[in-house]
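Structure data follow from entry14.cif (mmCIF, C-alpha atoms (C1' of nucleotides)):
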```
data_start
loop_
_atom_site.label_atom_id
_atom_site.label_comp_id
_atom_site.auth_asym_id
_atom_site.auth_seq_id
_atom_site.Cartn_x
_atom_site.Cartn_y
_atom_site.Cartn_z
CA MET C 499 0.00 0.00 0.00
CA VAL C 500 1.33 3.39 -0.91
CA SER C 501 2.53 5.47 2.01
CA ASN C 502 3.59 9.07 2.18
CA PRO C 503 7.27 10.03 2.06
CA SER C 504 7.46 11.34 5.60
CA ASN C 505 6.96 7.84 6.87
CA PHE C 506 10.68 7.43 6.78
CA GLU C 507 11.14 10.19 9.33
CA ALA C 508 8.55 8.63 11.60
CA ALA C 509 10.07 5.19 11.14
CA LYS C 510 13.48 6.62 11.95
CA SER C 511 12.29 7.92 15.31
CA ILE C 512 10.71 4.60 16.13
CA PHE C 513 13.88 2.77 15.17
CA THR C 514 16.02 5.12 17.26
CA ALA C 515 13.78 4.59 20.26
CA TYR C 516 13.95 0.86 19.73
CA LEU C 517 17.73 0.82 19.46
CA GLU C 518 18.06 2.93 22.59
CA THR C 519 15.73 0.73 24.58
CA LYS C 520 17.58 -2.38 23.54
CA LEU C 521 20.95 -0.69 24.11
CA LEU C 522 21.92 -1.31 20.51
CA ARG C 523 24.16 0.98 18.53
CA LYS C 524 22.82 3.56 16.12
CA THR C 525 25.09 2.77 13.20
CA PRO C 526 24.90 4.56 9.85
CA GLU C 527 24.43 1.20 8.12
CA ARG C 528 21.24 0.52 10.05
CA TYR C 529 19.75 3.89 9.15
CA ALA C 530 20.85 3.58 5.56
CA ILE C 531 19.07 0.25 5.27
CA LEU C 532 15.93 1.68 6.85
CA GLU C 533 16.03 4.60 4.43
CA GLU C 534 16.47 2.33 1.43
CA ILE C 535 13.53 0.19 2.54
CA TYR C 536 11.29 3.19 3.07
CA SER C 537 12.18 4.58 -0.33
CA ARG C 538 10.78 1.43 -1.92
CA ASN C 539 7.22 0.35 -2.46
CA ASP C 540 5.73 -3.09 -2.44
CA HIS C 541 7.71 -6.24 -1.87
CA PHE C 542 11.40 -6.92 -2.14
CA GLU C 543 13.85 -9.62 -1.27
CA VAL C 544 17.18 -9.39 0.54
CA GLU C 545 19.19 -9.54 -2.65
CA ASP C 546 17.21 -6.65 -4.21
CA LEU C 547 17.98 -4.50 -1.24
CA TYR C 548 21.62 -5.54 -1.16
CA ILE C 549 22.11 -4.77 -4.85
CA SER C 550 20.36 -1.39 -4.62
CA MET C 551 22.56 -0.39 -1.76
CA LYS C 552 25.70 -1.59 -3.49
CA ASN C 553 24.92 0.98 -6.15
CA LYS C 554 24.54 3.85 -3.72
CA LYS C 555 26.54 5.71 -1.16
CA TYR C 556 26.24 2.95 1.40
CA GLN C 557 27.92 -0.32 0.63
CA VAL C 558 26.62 -2.67 3.26
CA SER C 559 27.31 -6.36 3.52
CA ARG C 560 24.67 -9.04 3.20
CA ALA C 561 25.24 -10.00 6.83
CA THR C 562 24.36 -6.49 7.92
CA VAL C 563 21.29 -6.43 5.72
CA TYR C 564 20.06 -9.67 7.28
CA ASN C 565 20.89 -8.48 10.76
CA THR C 566 19.16 -5.14 10.32
CA LEU C 567 16.10 -6.65 8.71
CA ASP C 568 15.69 -8.83 11.79
CA LEU C 569 15.78 -5.76 14.00
CA LEU C 570 13.29 -3.92 11.82
CA VAL C 571 10.93 -6.87 11.82
CA GLU C 572 11.27 -7.08 15.59
CA CYS C 573 10.18 -3.48 16.04
CA ASP C 574 7.39 -3.79 13.45
CA LEU C 575 8.84 -1.33 10.96
CA VAL C 576 9.16 -4.06 8.37
CA LYS C 577 7.03 -7.10 7.61
CA LYS C 578 8.57 -10.38 6.54
CA HIS C 579 6.68 -12.71 4.20
CA GLN C 580 7.18 -16.23 3.02
CA PHE C 581 5.07 -16.32 -0.12
CA GLY C 582 5.28 -20.04 -0.77
CA LYS C 583 8.80 -19.96 -2.12
CA ASN C 584 11.90 -20.60 -0.03
CA LEU C 585 12.74 -16.98 -0.19
CA ALA C 586 11.83 -14.34 2.30
CA GLN C 587 10.19 -11.18 0.99
CA TYR C 588 9.84 -7.97 2.93
CA GLU C 589 7.85 -4.76 2.84
CA LYS C 590 7.87 -1.67 4.99
CA ALA C 591 5.17 -1.71 7.62
CA TYR C 592 4.91 1.70 9.19
CA GLY C 593 2.12 3.90 7.91
CA SER C 594 0.60 1.21 5.72
CA LYS C 595 -2.69 -0.15 6.79
CA GLN C 596 -3.16 -3.81 7.64
CA HIS C 597 -3.64 -5.80 4.49
CA ASP C 598 -3.36 -9.28 3.03
CA HIS C 599 -2.15 -10.60 -0.29
CA LEU C 600 -3.18 -12.21 -3.55
CA ILE C 601 -0.47 -13.79 -5.65
CA CYS C 602 -0.75 -14.69 -9.31
CA VAL C 603 0.71 -18.16 -9.74
CA ASP C 604 1.48 -17.35 -13.38
CA CYS C 605 3.14 -13.94 -13.32
CA HIS C 606 3.95 -13.87 -9.56
CA LYS C 607 2.45 -10.43 -9.22
CA VAL C 608 1.56 -9.60 -5.63
CA MET C 609 -1.64 -7.65 -5.01
CA GLU C 610 -3.11 -6.44 -1.77
CA PHE C 611 -6.55 -6.26 -0.21
CA CYS C 612 -8.13 -5.45 3.12
CA ASP C 613 -11.06 -7.23 4.71
CA PRO C 614 -12.02 -6.57 8.31
CA ARG C 615 -13.57 -10.00 8.62
CA VAL C 616 -10.11 -11.52 8.79
CA GLN C 617 -9.64 -9.75 12.10
CA ASN C 618 -12.93 -11.13 13.38
CA ILE C 619 -11.92 -14.65 12.48
CA GLN C 620 -8.57 -14.12 14.13
CA ASN C 621 -10.17 -12.96 17.38
CA MET C 622 -12.74 -15.71 17.44
CA VAL C 623 -10.39 -18.54 16.62
CA GLY C 624 -7.85 -17.28 19.14
CA ASP C 625 -10.51 -17.23 21.87
CA MET C 626 -11.84 -20.65 20.97
CA LEU C 627 -8.48 -22.36 20.95
CA LYS C 628 -6.99 -20.44 23.89
CA PHE C 629 -4.36 -19.03 21.64
CA LYS C 630 -3.05 -15.48 21.86
CA VAL C 631 -2.81 -14.56 18.18
CA MET C 632 -0.24 -11.88 17.50
CA HIS C 633 -0.35 -11.64 13.75
CA HIS C 634 -1.52 -13.52 10.71
CA SER C 635 -0.75 -14.25 7.11
CA LEU C 636 -3.54 -14.70 4.57
CA ILE C 637 -2.62 -15.33 0.98
CA PHE C 638 -4.88 -16.13 -1.94
CA TYR C 639 -3.21 -17.93 -4.83
CA GLY C 640 -4.76 -17.83 -8.27
CA THR C 641 -4.54 -16.26 -11.67
CA CYS C 642 -4.99 -12.62 -12.42
CA GLU C 643 -6.64 -11.41 -15.57
CA ARG C 644 -4.18 -8.70 -16.43
CA THR C 645 -3.48 -8.41 -20.12
CA ASP C 646 0.21 -8.26 -19.34
CA CYS C 647 0.16 -11.35 -17.17
CA GLU C 648 2.90 -13.50 -18.61
CA HIS C 649 0.94 -16.73 -18.35
CA LYS C 650 3.66 -19.30 -18.25
CA THR C 651 2.68 -22.03 -20.69
CA LYS C 652 2.60 -25.10 -18.49
CA GLU C 653 4.41 -28.08 -19.99
CA ALA C 654 2.04 -29.49 -22.58
CA SER C 655 0.45 -32.64 -21.23
CA MET G 101 -7.19 -33.35 10.71
CA VAL G 102 -7.46 -37.05 11.36
CA SER G 103 -8.54 -39.14 8.42
CA ASN G 104 -9.53 -42.76 8.24
CA PRO G 105 -7.02 -45.40 7.15
CA SER G 106 -8.75 -46.30 3.91
CA ASN G 107 -7.87 -42.88 2.57
CA PHE G 108 -4.64 -44.36 1.32
CA GLU G 109 -6.53 -46.70 -1.00
CA ALA G 110 -8.61 -43.86 -2.34
CA ALA G 111 -5.55 -41.67 -2.74
CA LYS G 112 -3.80 -44.49 -4.56
CA SER G 113 -6.56 -44.67 -7.18
CA ILE G 114 -6.47 -40.96 -7.66
CA PHE G 115 -2.71 -41.01 -8.03
CA THR G 116 -2.88 -43.88 -10.53
CA ALA G 117 -5.46 -42.03 -12.59
CA TYR G 118 -3.29 -38.91 -12.47
CA LEU G 119 -0.16 -40.76 -13.56
CA GLU G 120 -2.04 -42.42 -16.41
CA THR G 121 -3.52 -39.16 -17.62
CA LYS G 122 -0.13 -37.50 -17.59
CA LEU G 123 1.52 -40.56 -19.15
CA LEU G 124 3.86 -40.85 -16.19
CA ARG G 125 5.23 -44.14 -14.93
CA LYS G 126 3.71 -45.98 -12.01
CA THR G 127 6.92 -46.74 -10.16
CA PRO G 128 7.04 -48.53 -6.81
CA GLU G 129 8.93 -45.58 -5.32
CA ARG G 130 6.05 -43.24 -6.06
CA TYR G 131 3.51 -45.49 -4.39
CA ALA G 132 5.79 -46.16 -1.46
CA ILE G 133 6.11 -42.43 -0.84
CA LEU G 134 2.35 -41.95 -1.10
CA GLU G 135 1.83 -44.79 1.38
CA GLU G 136 4.33 -43.37 3.83
CA ILE G 137 2.67 -39.97 3.65
CA TYR G 138 -0.79 -41.39 4.19
CA SER G 139 0.42 -43.41 7.17
CA ARG G 140 1.42 -40.15 8.86
CA ASN G 141 -0.67 -37.53 10.53
CA ASP G 142 -0.15 -33.81 10.76
CA HIS G 143 2.77 -32.01 9.23
CA PHE G 144 6.14 -33.24 8.14
CA GLU G 145 9.14 -32.02 6.23
CA VAL G 146 11.04 -33.66 3.40
CA GLU G 147 13.83 -34.89 5.63
CA ASP G 148 11.37 -36.56 8.05
CA LEU G 149 9.87 -38.48 5.19
CA TYR G 150 13.24 -39.35 3.74
CA ILE G 151 14.54 -40.67 7.07
CA SER G 152 11.39 -42.69 7.77
CA MET G 153 11.66 -44.33 4.40
CA LYS G 154 15.35 -45.03 4.81
CA ASN G 155 14.38 -47.18 7.79
CA LYS G 156 11.79 -49.19 5.89
CA LYS G 157 11.58 -51.52 2.96
CA TYR G 158 11.81 -48.71 0.45
CA GLN G 159 15.01 -46.76 0.30
CA VAL G 160 14.26 -43.83 -1.89
CA SER G 161 16.56 -40.96 -2.71
CA ARG G 162 15.89 -37.38 -1.71
CA ALA G 163 15.56 -36.46 -5.37
CA THR G 164 12.73 -38.93 -5.77
CA VAL G 165 11.03 -37.71 -2.62
CA TYR G 166 11.10 -34.13 -3.94
CA ASN G 167 9.96 -35.20 -7.36
CA THR G 168 7.09 -37.30 -6.05
CA LEU G 169 5.95 -34.65 -3.60
CA ASP G 170 5.63 -32.25 -6.51
CA LEU G 171 3.42 -34.70 -8.34
CA LEU G 172 1.29 -35.32 -5.26
CA VAL G 173 0.86 -31.61 -4.69
CA GLU G 174 -0.09 -31.19 -8.34
CA CYS G 175 -2.89 -33.73 -8.06
CA ASP G 176 -4.06 -32.37 -4.69
CA LEU G 177 -3.24 -35.46 -2.67
CA VAL G 178 -0.73 -33.52 -0.61
CA LYS G 179 -0.66 -29.92 0.57
CA LYS G 180 2.55 -27.97 0.75
CA HIS G 181 3.04 -25.29 3.38
CA GLN G 182 5.60 -22.61 4.00
CA PHE G 183 5.05 -21.82 7.64
CA GLY G 184 7.34 -18.82 7.84
CA LYS G 185 10.58 -20.76 7.92
CA ASN G 186 12.66 -21.51 4.85
CA LEU G 187 11.56 -25.07 4.95
CA ALA G 188 8.62 -26.61 3.20
CA GLN G 189 6.21 -28.66 5.26
CA TYR G 190 3.65 -31.06 3.88
CA GLU G 191 0.51 -32.87 4.92
CA LYS G 192 -1.78 -35.35 3.20
CA ALA G 193 -4.81 -33.69 1.69
CA TYR G 194 -7.27 -36.34 0.60
CA GLY G 195 -10.14 -36.98 2.97
CA SER G 196 -9.24 -34.15 5.30
CA LYS G 197 -11.56 -31.25 5.33
CA GLN G 198 -10.40 -27.79 4.36
CA HIS G 199 -8.72 -26.14 7.31
CA ASP G 200 -6.26 -23.43 8.21
CA HIS G 201 -3.48 -23.20 10.78
CA LEU G 202 -2.38 -21.61 14.01
CA ILE G 203 1.29 -21.79 14.87
CA CYS G 204 2.78 -21.21 18.28
CA VAL G 205 5.82 -19.00 17.88
CA ASP G 206 7.27 -20.43 21.09
CA CYS G 207 6.87 -24.19 20.79
CA HIS G 208 6.20 -24.31 17.01
CA LYS G 209 3.17 -26.49 17.53
CA VAL G 210 0.81 -26.43 14.57
CA MET G 211 -2.92 -26.44 15.28
CA GLU G 212 -5.81 -26.46 12.87
CA PHE G 213 -9.18 -24.77 12.63
CA CYS G 214 -11.99 -24.35 10.14
CA ASP G 215 -13.99 -21.23 9.51
CA PRO G 216 -16.33 -20.98 6.55
CA ARG G 217 -15.97 -17.20 6.45
CA VAL G 218 -12.53 -17.59 4.96
CA GLN G 219 -14.18 -19.04 1.88
CA ASN G 220 -16.56 -16.08 1.69
CA ILE G 221 -13.70 -13.63 1.85
CA GLN G 222 -11.86 -15.59 -0.81
CA ASN G 223 -14.84 -15.47 -3.17
CA MET G 224 -15.53 -11.82 -2.59
CA VAL G 225 -11.97 -10.63 -2.91
CA GLY G 226 -11.47 -12.74 -6.03
CA ASP G 227 -14.53 -11.19 -7.66
CA MET G 228 -13.58 -7.67 -6.68
CA LEU G 229 -10.05 -7.86 -7.98
CA LYS G 230 -10.84 -9.97 -11.06
CA PHE G 231 -8.67 -12.71 -9.74
CA LYS G 232 -9.48 -16.40 -10.04
CA VAL G 233 -8.47 -17.68 -6.62
CA MET G 234 -7.54 -21.34 -6.61
CA HIS G 235 -6.42 -21.85 -3.04
CA HIS G 236 -5.36 -19.94 0.00
CA SER G 237 -3.14 -20.04 3.03
CA LEU G 238 -4.26 -18.51 6.32
CA ILE G 239 -1.95 -18.76 9.28
CA PHE G 240 -2.34 -17.24 12.71
CA TYR G 241 0.89 -16.78 14.67
CA GLY G 242 0.79 -16.42 18.41
CA THR G 243 1.36 -18.23 21.66
CA CYS G 244 -0.57 -21.20 22.87
CA GLU G 245 -1.40 -21.70 26.50
CA ARG G 246 -0.51 -25.38 26.70
CA THR G 247 1.18 -26.30 29.93
CA ASP G 248 3.79 -28.19 27.95
CA CYS G 249 4.53 -25.28 25.63
CA GLU G 250 8.27 -24.93 25.82
CA HIS G 251 8.21 -21.13 25.95
CA LYS G 252 11.62 -20.24 24.70
CA THR G 253 13.00 -17.63 27.06
CA LYS G 254 13.65 -14.72 24.77
CA GLU G 255 17.06 -13.12 25.26
CA ALA G 256 16.72 -11.00 28.39
CA SER G 257 16.40 -7.37 27.42
"C1'" DT X 1431 39.00 2.65 25.22
"C1'" DT X 1432 36.16 -1.27 24.30
"C1'" DG X 1433 33.11 -4.47 22.83
"C1'" DA X 1434 29.01 -4.22 19.61
"C1'" DG X 1435 28.67 -4.15 14.84
"C1'" DT X 1436 30.62 -4.68 10.31
"C1'" DG X 1437 32.46 -6.98 6.04
"C1'" DC X 1438 33.99 -10.87 4.09
"C1'" DA X 1439 34.23 -15.50 3.14
"C1'" DA X 1440 33.35 -19.94 4.60
"C1'" DA X 1441 29.79 -23.00 6.36
"C1'" DC X 1442 25.14 -24.60 6.52
"C1'" DT X 1443 20.54 -26.01 5.04
"C1'" DT X 1444 17.22 -26.96 1.80
"C1'" DT X 1445 16.31 -27.80 -2.88
"C1'" DT X 1446 17.67 -28.59 -7.71
"C1'" DT X 1447 20.39 -30.58 -11.33
"C1'" DG X 1448 23.49 -33.73 -14.22
"C1'" DC X 1449 24.40 -38.10 -15.44
"C1'" DA X 1450 24.97 -43.01 -15.52
"C1'" DA X 1451 22.23 -46.99 -14.16
"C1'" DT X 1452 17.67 -48.97 -13.86
"C1'" DG X 1453 13.20 -50.73 -14.91
"C1'" DT X 1454 8.22 -49.43 -16.64
"C1'" DT X 1455 5.81 -49.51 -20.69
"C1'" DA A 744 14.32 -51.84 -26.50
"C1'" DA A 745 13.43 -47.04 -25.45
"C1'" DC A 746 13.50 -43.55 -22.56
"C1'" DA A 747 11.27 -41.86 -18.19
"C1'" DT A 748 12.71 -42.31 -13.61
"C1'" DT A 749 15.94 -43.31 -10.10
"C1'" DG A 750 20.06 -42.69 -7.02
"C1'" DC A 751 23.90 -40.35 -6.06
"C1'" DA A 752 26.72 -36.65 -5.60
"C1'" DA A 753 27.69 -32.13 -7.04
"C1'" DA A 754 25.75 -27.51 -7.58
"C1'" DA A 755 22.54 -23.84 -6.45
"C1'" DA A 756 20.21 -20.66 -3.68
"C1'" DG A 757 19.30 -18.41 0.56
"C1'" DT A 758 20.81 -17.67 5.07
"C1'" DT A 759 23.92 -18.00 9.06
"C1'" DT A 760 28.29 -17.96 11.28
"C1'" DG A 761 33.33 -17.04 12.59
"C1'" DC A 762 36.68 -13.86 12.89
"C1'" DA A 763 39.58 -9.79 12.44
"C1'" DC A 764 38.83 -4.97 11.93
"C1'" DT A 765 36.23 -0.74 12.89
"C1'" DC A 766 33.80 2.79 15.12
"C1'" DA A 767 29.69 4.38 18.35
"C1'" DA A 768 29.32 5.09 23.07
#
```
Can the structure in the file be given as structure tokens, please?
Amino acid sequence: MVSNPSNFEAAKSIFTAYLETKLLRKTPERYAILEEIYSRNDHFEVEDLYISMKNKKYQVSRATVYNTLDLLVECDLVKKHQFGKNLAQYEKAYGSKQHDHLICVDCHKVMEFCDPRVQNIQNMVGDMLKFKVMHHSLIFYGTCERTDCEHKTKEAS
Amino acid sequence: MVSNPSNFEAAKSIFTAYLETKLLRKTPERYAILEEIYSRNDHFEVEDLYISMKNKKYQVSRATVYNTLDLLVECDLVKKHQFGKNLAQYEKAYGSKQHDHLICVDCHKVMEFCDPRVQNIQNMVGDMLKFKVMHHSLIFYGTCERTDCEHKTKEAS
DNA sequence: TTGAGTGCAAACTTTTTGCAATGTT
DNA sequence: AACATTGCAAAAAGTTTGCACTCAA
């Protein structure tokens, strides 16, 4: 979901507060990664982020990217997804409203939607099973009808 | 969800029909893997299956396990999950009713629940976004209140 | 000053692939 | 007999780890 540009500033304050609370160091690499993430929209993977940063002022290592992403997920500034592949995908979380995803199994496009009923189900199921639900992941897999959907021709049977 | 033992026989027929339609070979390895899967309950990973089979009459290779799992997922006899980790988990699908999952972030226990409203949301969102939804994945993450939940003590902050 | 954090490369884990041997059709 | 399928081991792909160096506190 599109978010306004000042979200980075807000995210930065939250991150600073988090680092201070946890007695972690406020390194330039960590802020550079946060900035890069908040300059992006939609979903990206670690390698995307790493490559983008390689081409900019901050050359960070993959280890630092992984490390920082963990911190950002921990303080809810970034969401981590596992969209069926063995490859984590991330998106910024601050200032975007709660949403879930649809993924086209042909062109792999990721779309988003909101439906308040998901929250109701979450609350009810949590109560019923004595389970304190903290977050959820709802993904619909199917085919989109975009004209530019690159329908992979499945192996002829 | 628990299923009755004869599900293996039914699954076997379905698999045979699938293999014949696709002009694939009916090898003993494929049936042995199907049998092993249908003798299990709940969720397992590739290595679990591979190890179990190593200790039985059929010694199959990992490559064959992966290959066969793909076929079984394709013909809906097995469901593949990506529960947040970079590790695929599977469960038999025939004869079990549609359900979704709750996962305890502390003890990693996987629980199941059914809620028909998920289907409604799926239909509605699909219609709205002109997306033909084929299946979904809904996972609630939280903490269970089982007395035997091995609450990992998070690093003291 | 000092030890948390970084970069790099090596190690690990899960999955995929290449190829010779096997066995279903 | 032909060639899809198997087993094995090597390669990929993504992530984690070990260690010496660096720099935020």
Residue hits in chain X, query chain C, radius 9 Å, all atoms listed in the file, as a PyMOL selection string: chain X and resi 1434-1438+1444-1445
Residues of chain C within 10 Å of chain G, only C-alpha atoms counted, as an MDAnalysis selection string: chainID C and resid 519:521 578:586 598:603 609:616 618:620 622:624 626:644 654:655
Hits of the PyMOL selection byres ((chain C and resi 551-554) around 12) in this structure, as a PyMOL selection string: chain C and resi 527-528+530-535+537-538+544-550+555-560+562-563
Quick one: superpose chain G onto chain C using all C-alpha atoms paired in order, least squares, and give it to me as a short mmCIF file (atom, residue, chain, number, x, y, z; two decimals) with C-alpha atoms, in the frame of the given file.
```
data_model
loop_
_atom_site.label_atom_id
_atom_site.label_comp_id
_atom_site.auth_asym_id
_atom_site.auth_seq_id
_atom_site.Cartn_x
_atom_site.Cartn_y
_atom_site.Cartn_z
CA MET G 101 -0.05 0.01 0.01
CA VAL G 102 1.33 3.40 -0.87
CA SER G 103 2.52 5.47 2.04
CA ASN G 104 3.58 9.08 2.18
CA PRO G 105 7.26 10.02 2.07
CA SER G 106 7.45 11.36 5.60
CA ASN G 107 6.93 7.85 6.89
CA PHE G 108 10.67 7.42 6.79
CA GLU G 109 11.13 10.17 9.37
CA ALA G 110 8.54 8.62 11.63
CA ALA G 111 10.04 5.17 11.16
CA LYS G 112 13.46 6.58 11.97
CA SER G 113 12.26 7.87 15.35
CA ILE G 114 10.67 4.57 16.14
CA PHE G 115 13.82 2.72 15.18
CA THR G 116 15.97 5.06 17.28
CA ALA G 117 13.72 4.55 20.28
CA TYR G 118 13.87 0.79 19.73
CA LEU G 119 17.66 0.75 19.48
CA GLU G 120 17.97 2.85 22.63
CA THR G 121 15.61 0.65 24.59
CA LYS G 122 17.48 -2.45 23.56
CA LEU G 123 20.85 -0.76 24.14
CA LEU G 124 21.83 -1.40 20.54
CA ARG G 125 24.10 0.88 18.56
CA LYS G 126 22.78 3.49 16.18
CA THR G 127 25.07 2.72 13.26
CA PRO G 128 24.88 4.52 9.92
CA GLU G 129 24.41 1.17 8.17
CA ARG G 130 21.22 0.50 10.09
CA TYR G 131 19.72 3.85 9.19
CA ALA G 132 20.85 3.57 5.60
CA ILE G 133 19.05 0.24 5.28
CA LEU G 134 15.91 1.66 6.87
CA GLU G 135 16.03 4.60 4.45
CA GLU G 136 16.47 2.36 1.44
CA ILE G 137 13.53 0.22 2.53
CA TYR G 138 11.28 3.21 3.08
CA SER G 139 12.20 4.63 -0.32
CA ARG G 140 10.81 1.47 -1.92
CA ASN G 141 7.27 0.38 -2.49
CA ASP G 142 5.77 -3.07 -2.51
CA HIS G 143 7.75 -6.21 -1.92
CA PHE G 144 11.42 -6.91 -2.19
CA GLU G 145 13.88 -9.62 -1.32
CA VAL G 146 17.19 -9.39 0.50
CA GLU G 147 19.24 -9.51 -2.67
CA ASP G 148 17.26 -6.63 -4.25
CA LEU G 149 18.01 -4.49 -1.25
CA TYR G 150 21.63 -5.53 -1.15
CA ILE G 151 22.15 -4.73 -4.84
CA SER G 152 20.39 -1.36 -4.60
CA MET G 153 22.59 -0.38 -1.72
CA LYS G 154 25.73 -1.57 -3.45
CA ASN G 155 24.98 1.04 -6.11
CA LYS G 156 24.57 3.89 -3.64
CA LYS G 157 26.57 5.74 -1.07
CA TYR G 158 26.24 2.97 1.48
CA GLN G 159 27.89 -0.31 0.71
CA VAL G 160 26.61 -2.67 3.30
CA SER G 161 27.31 -6.36 3.56
CA ARG G 162 24.67 -9.04 3.21
CA ALA G 163 25.23 -10.00 6.84
CA THR G 164 24.33 -6.50 7.94
CA VAL G 165 21.27 -6.43 5.71
CA TYR G 166 20.03 -9.68 7.28
CA ASN G 167 20.84 -8.50 10.75
CA THR G 168 19.12 -5.15 10.32
CA LEU G 169 16.06 -6.66 8.69
CA ASP G 170 15.63 -8.84 11.75
CA LEU G 171 15.71 -5.79 13.98
CA LEU G 172 13.25 -3.92 11.78
CA VAL G 173 10.88 -6.87 11.77
CA GLU G 174 11.19 -7.09 15.55
CA CYS G 175 10.11 -3.49 16.00
CA ASP G 176 7.33 -3.78 13.40
CA LEU G 177 8.80 -1.33 10.92
CA VAL G 178 9.13 -4.06 8.32
CA LYS G 179 7.00 -7.10 7.56
CA LYS G 180 8.54 -10.36 6.47
CA HIS G 181 6.69 -12.68 4.12
CA GLN G 182 7.20 -16.21 2.92
CA PHE G 183 5.10 -16.29 -0.20
CA GLY G 184 5.38 -20.00 -0.88
CA LYS G 185 8.90 -19.91 -2.27
CA ASN G 186 11.99 -20.57 -0.20
CA LEU G 187 12.83 -16.94 -0.27
CA ALA G 188 11.86 -14.31 2.23
CA GLN G 189 10.23 -11.16 0.93
CA TYR G 190 9.85 -7.95 2.86
CA GLU G 191 7.87 -4.74 2.80
CA LYS G 192 7.87 -1.62 4.95
CA ALA G 193 5.16 -1.69 7.57
CA TYR G 194 4.88 1.72 9.17
CA GLY G 195 2.08 3.90 7.89
CA SER G 196 0.59 1.22 5.69
CA LYS G 197 -2.70 -0.14 6.75
CA GLN G 198 -3.14 -3.79 7.60
CA HIS G 199 -3.64 -5.78 4.43
CA ASP G 200 -3.32 -9.26 3.02
CA HIS G 201 -2.11 -10.60 -0.32
CA LEU G 202 -3.14 -12.22 -3.56
CA ILE G 203 -0.43 -13.80 -5.64
CA CYS G 204 -0.71 -14.73 -9.28
CA VAL G 205 0.76 -18.18 -9.74
CA ASP G 206 1.50 -17.37 -13.38
CA CYS G 207 3.14 -13.95 -13.34
CA HIS G 208 3.98 -13.86 -9.59
CA LYS G 209 2.46 -10.43 -9.25
CA VAL G 210 1.58 -9.58 -5.66
CA MET G 211 -1.64 -7.66 -5.04
CA GLU G 212 -3.10 -6.44 -1.79
CA PHE G 213 -6.53 -6.25 -0.23
CA CYS G 214 -8.11 -5.45 3.10
CA ASP G 215 -11.02 -7.22 4.70
CA PRO G 216 -11.98 -6.55 8.29
CA ARG G 217 -13.52 -10.00 8.64
CA VAL G 218 -10.07 -11.50 8.80
CA GLN G 219 -9.60 -9.71 12.10
CA ASN G 220 -12.88 -11.11 13.40
CA ILE G 221 -11.87 -14.63 12.50
CA GLN G 222 -8.51 -14.08 14.15
CA ASN G 223 -10.12 -12.93 17.40
CA MET G 224 -12.67 -15.69 17.46
CA VAL G 225 -10.30 -18.51 16.64
CA GLY G 226 -7.78 -17.21 19.17
CA ASP G 227 -10.41 -17.19 21.91
CA MET G 228 -11.73 -20.61 21.02
CA LEU G 229 -8.37 -22.31 20.99
CA LYS G 230 -6.89 -20.37 23.92
CA PHE G 231 -4.27 -18.96 21.67
CA LYS G 232 -2.99 -15.39 21.86
CA VAL G 233 -2.75 -14.48 18.19
CA MET G 234 -0.21 -11.77 17.49
CA HIS G 235 -0.31 -11.56 13.72
CA HIS G 236 -1.46 -13.46 10.71
CA SER G 237 -0.70 -14.20 7.11
CA LEU G 238 -3.49 -14.67 4.58
CA ILE G 239 -2.56 -15.33 0.99
CA PHE G 240 -4.81 -16.14 -1.92
CA TYR G 241 -3.14 -17.95 -4.82
CA GLY G 242 -4.70 -17.88 -8.24
CA THR G 243 -4.49 -16.30 -11.65
CA CYS G 244 -4.99 -12.67 -12.41
CA GLU G 245 -6.67 -11.50 -15.56
CA ARG G 246 -4.22 -8.74 -16.42
CA THR G 247 -3.54 -8.49 -20.11
CA ASP G 248 0.16 -8.32 -19.35
CA CYS G 249 0.13 -11.41 -17.15
CA GLU G 250 2.87 -13.55 -18.59
CA HIS G 251 0.91 -16.79 -18.31
CA LYS G 252 3.62 -19.36 -18.23
CA THR G 253 2.62 -22.08 -20.65
CA LYS G 254 2.50 -25.13 -18.45
CA GLU G 255 4.26 -28.15 -19.92
CA ALA G 256 1.86 -29.53 -22.52
CA SER G 257 0.15 -32.60 -21.14
#
```
The PyMOL selection byres ((chain A) within 10 of (chain G)) applied to the shown file, residues as a list in words: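 Listing what the PyMOL selection byres ((chain A) within 10 of (chain G)) selects in the shown file: DA747, DT748, DT749, DG750, DC751, DG757 and DT758 of chain A.
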Write the selection just made, keeping C-alpha atoms (C1' of nucleotides), as a JSON list (two decimals), in the coordinates of the input?
```json
[["chain", "number", "residue", "atom", "x", "y", "z"],
["A", 747, "DA", "C1'", 11.27, -41.86, -18.19],
["A", 748, "DT", "C1'", 12.71, -42.31, -13.61],
["A", 749, "DT", "C1'", 15.94, -43.31, -10.10],
["A", 750, "DG", "C1'", 20.06, -42.69, -7.02],
["A", 751, "DC", "C1'", 23.90, -40.35, -6.06],
["A", 757, "DG", "C1'", 19.30, -18.41, 0.56],
["A", 758, "DT", "C1'", 20.81, -17.67, 5.07]]
```
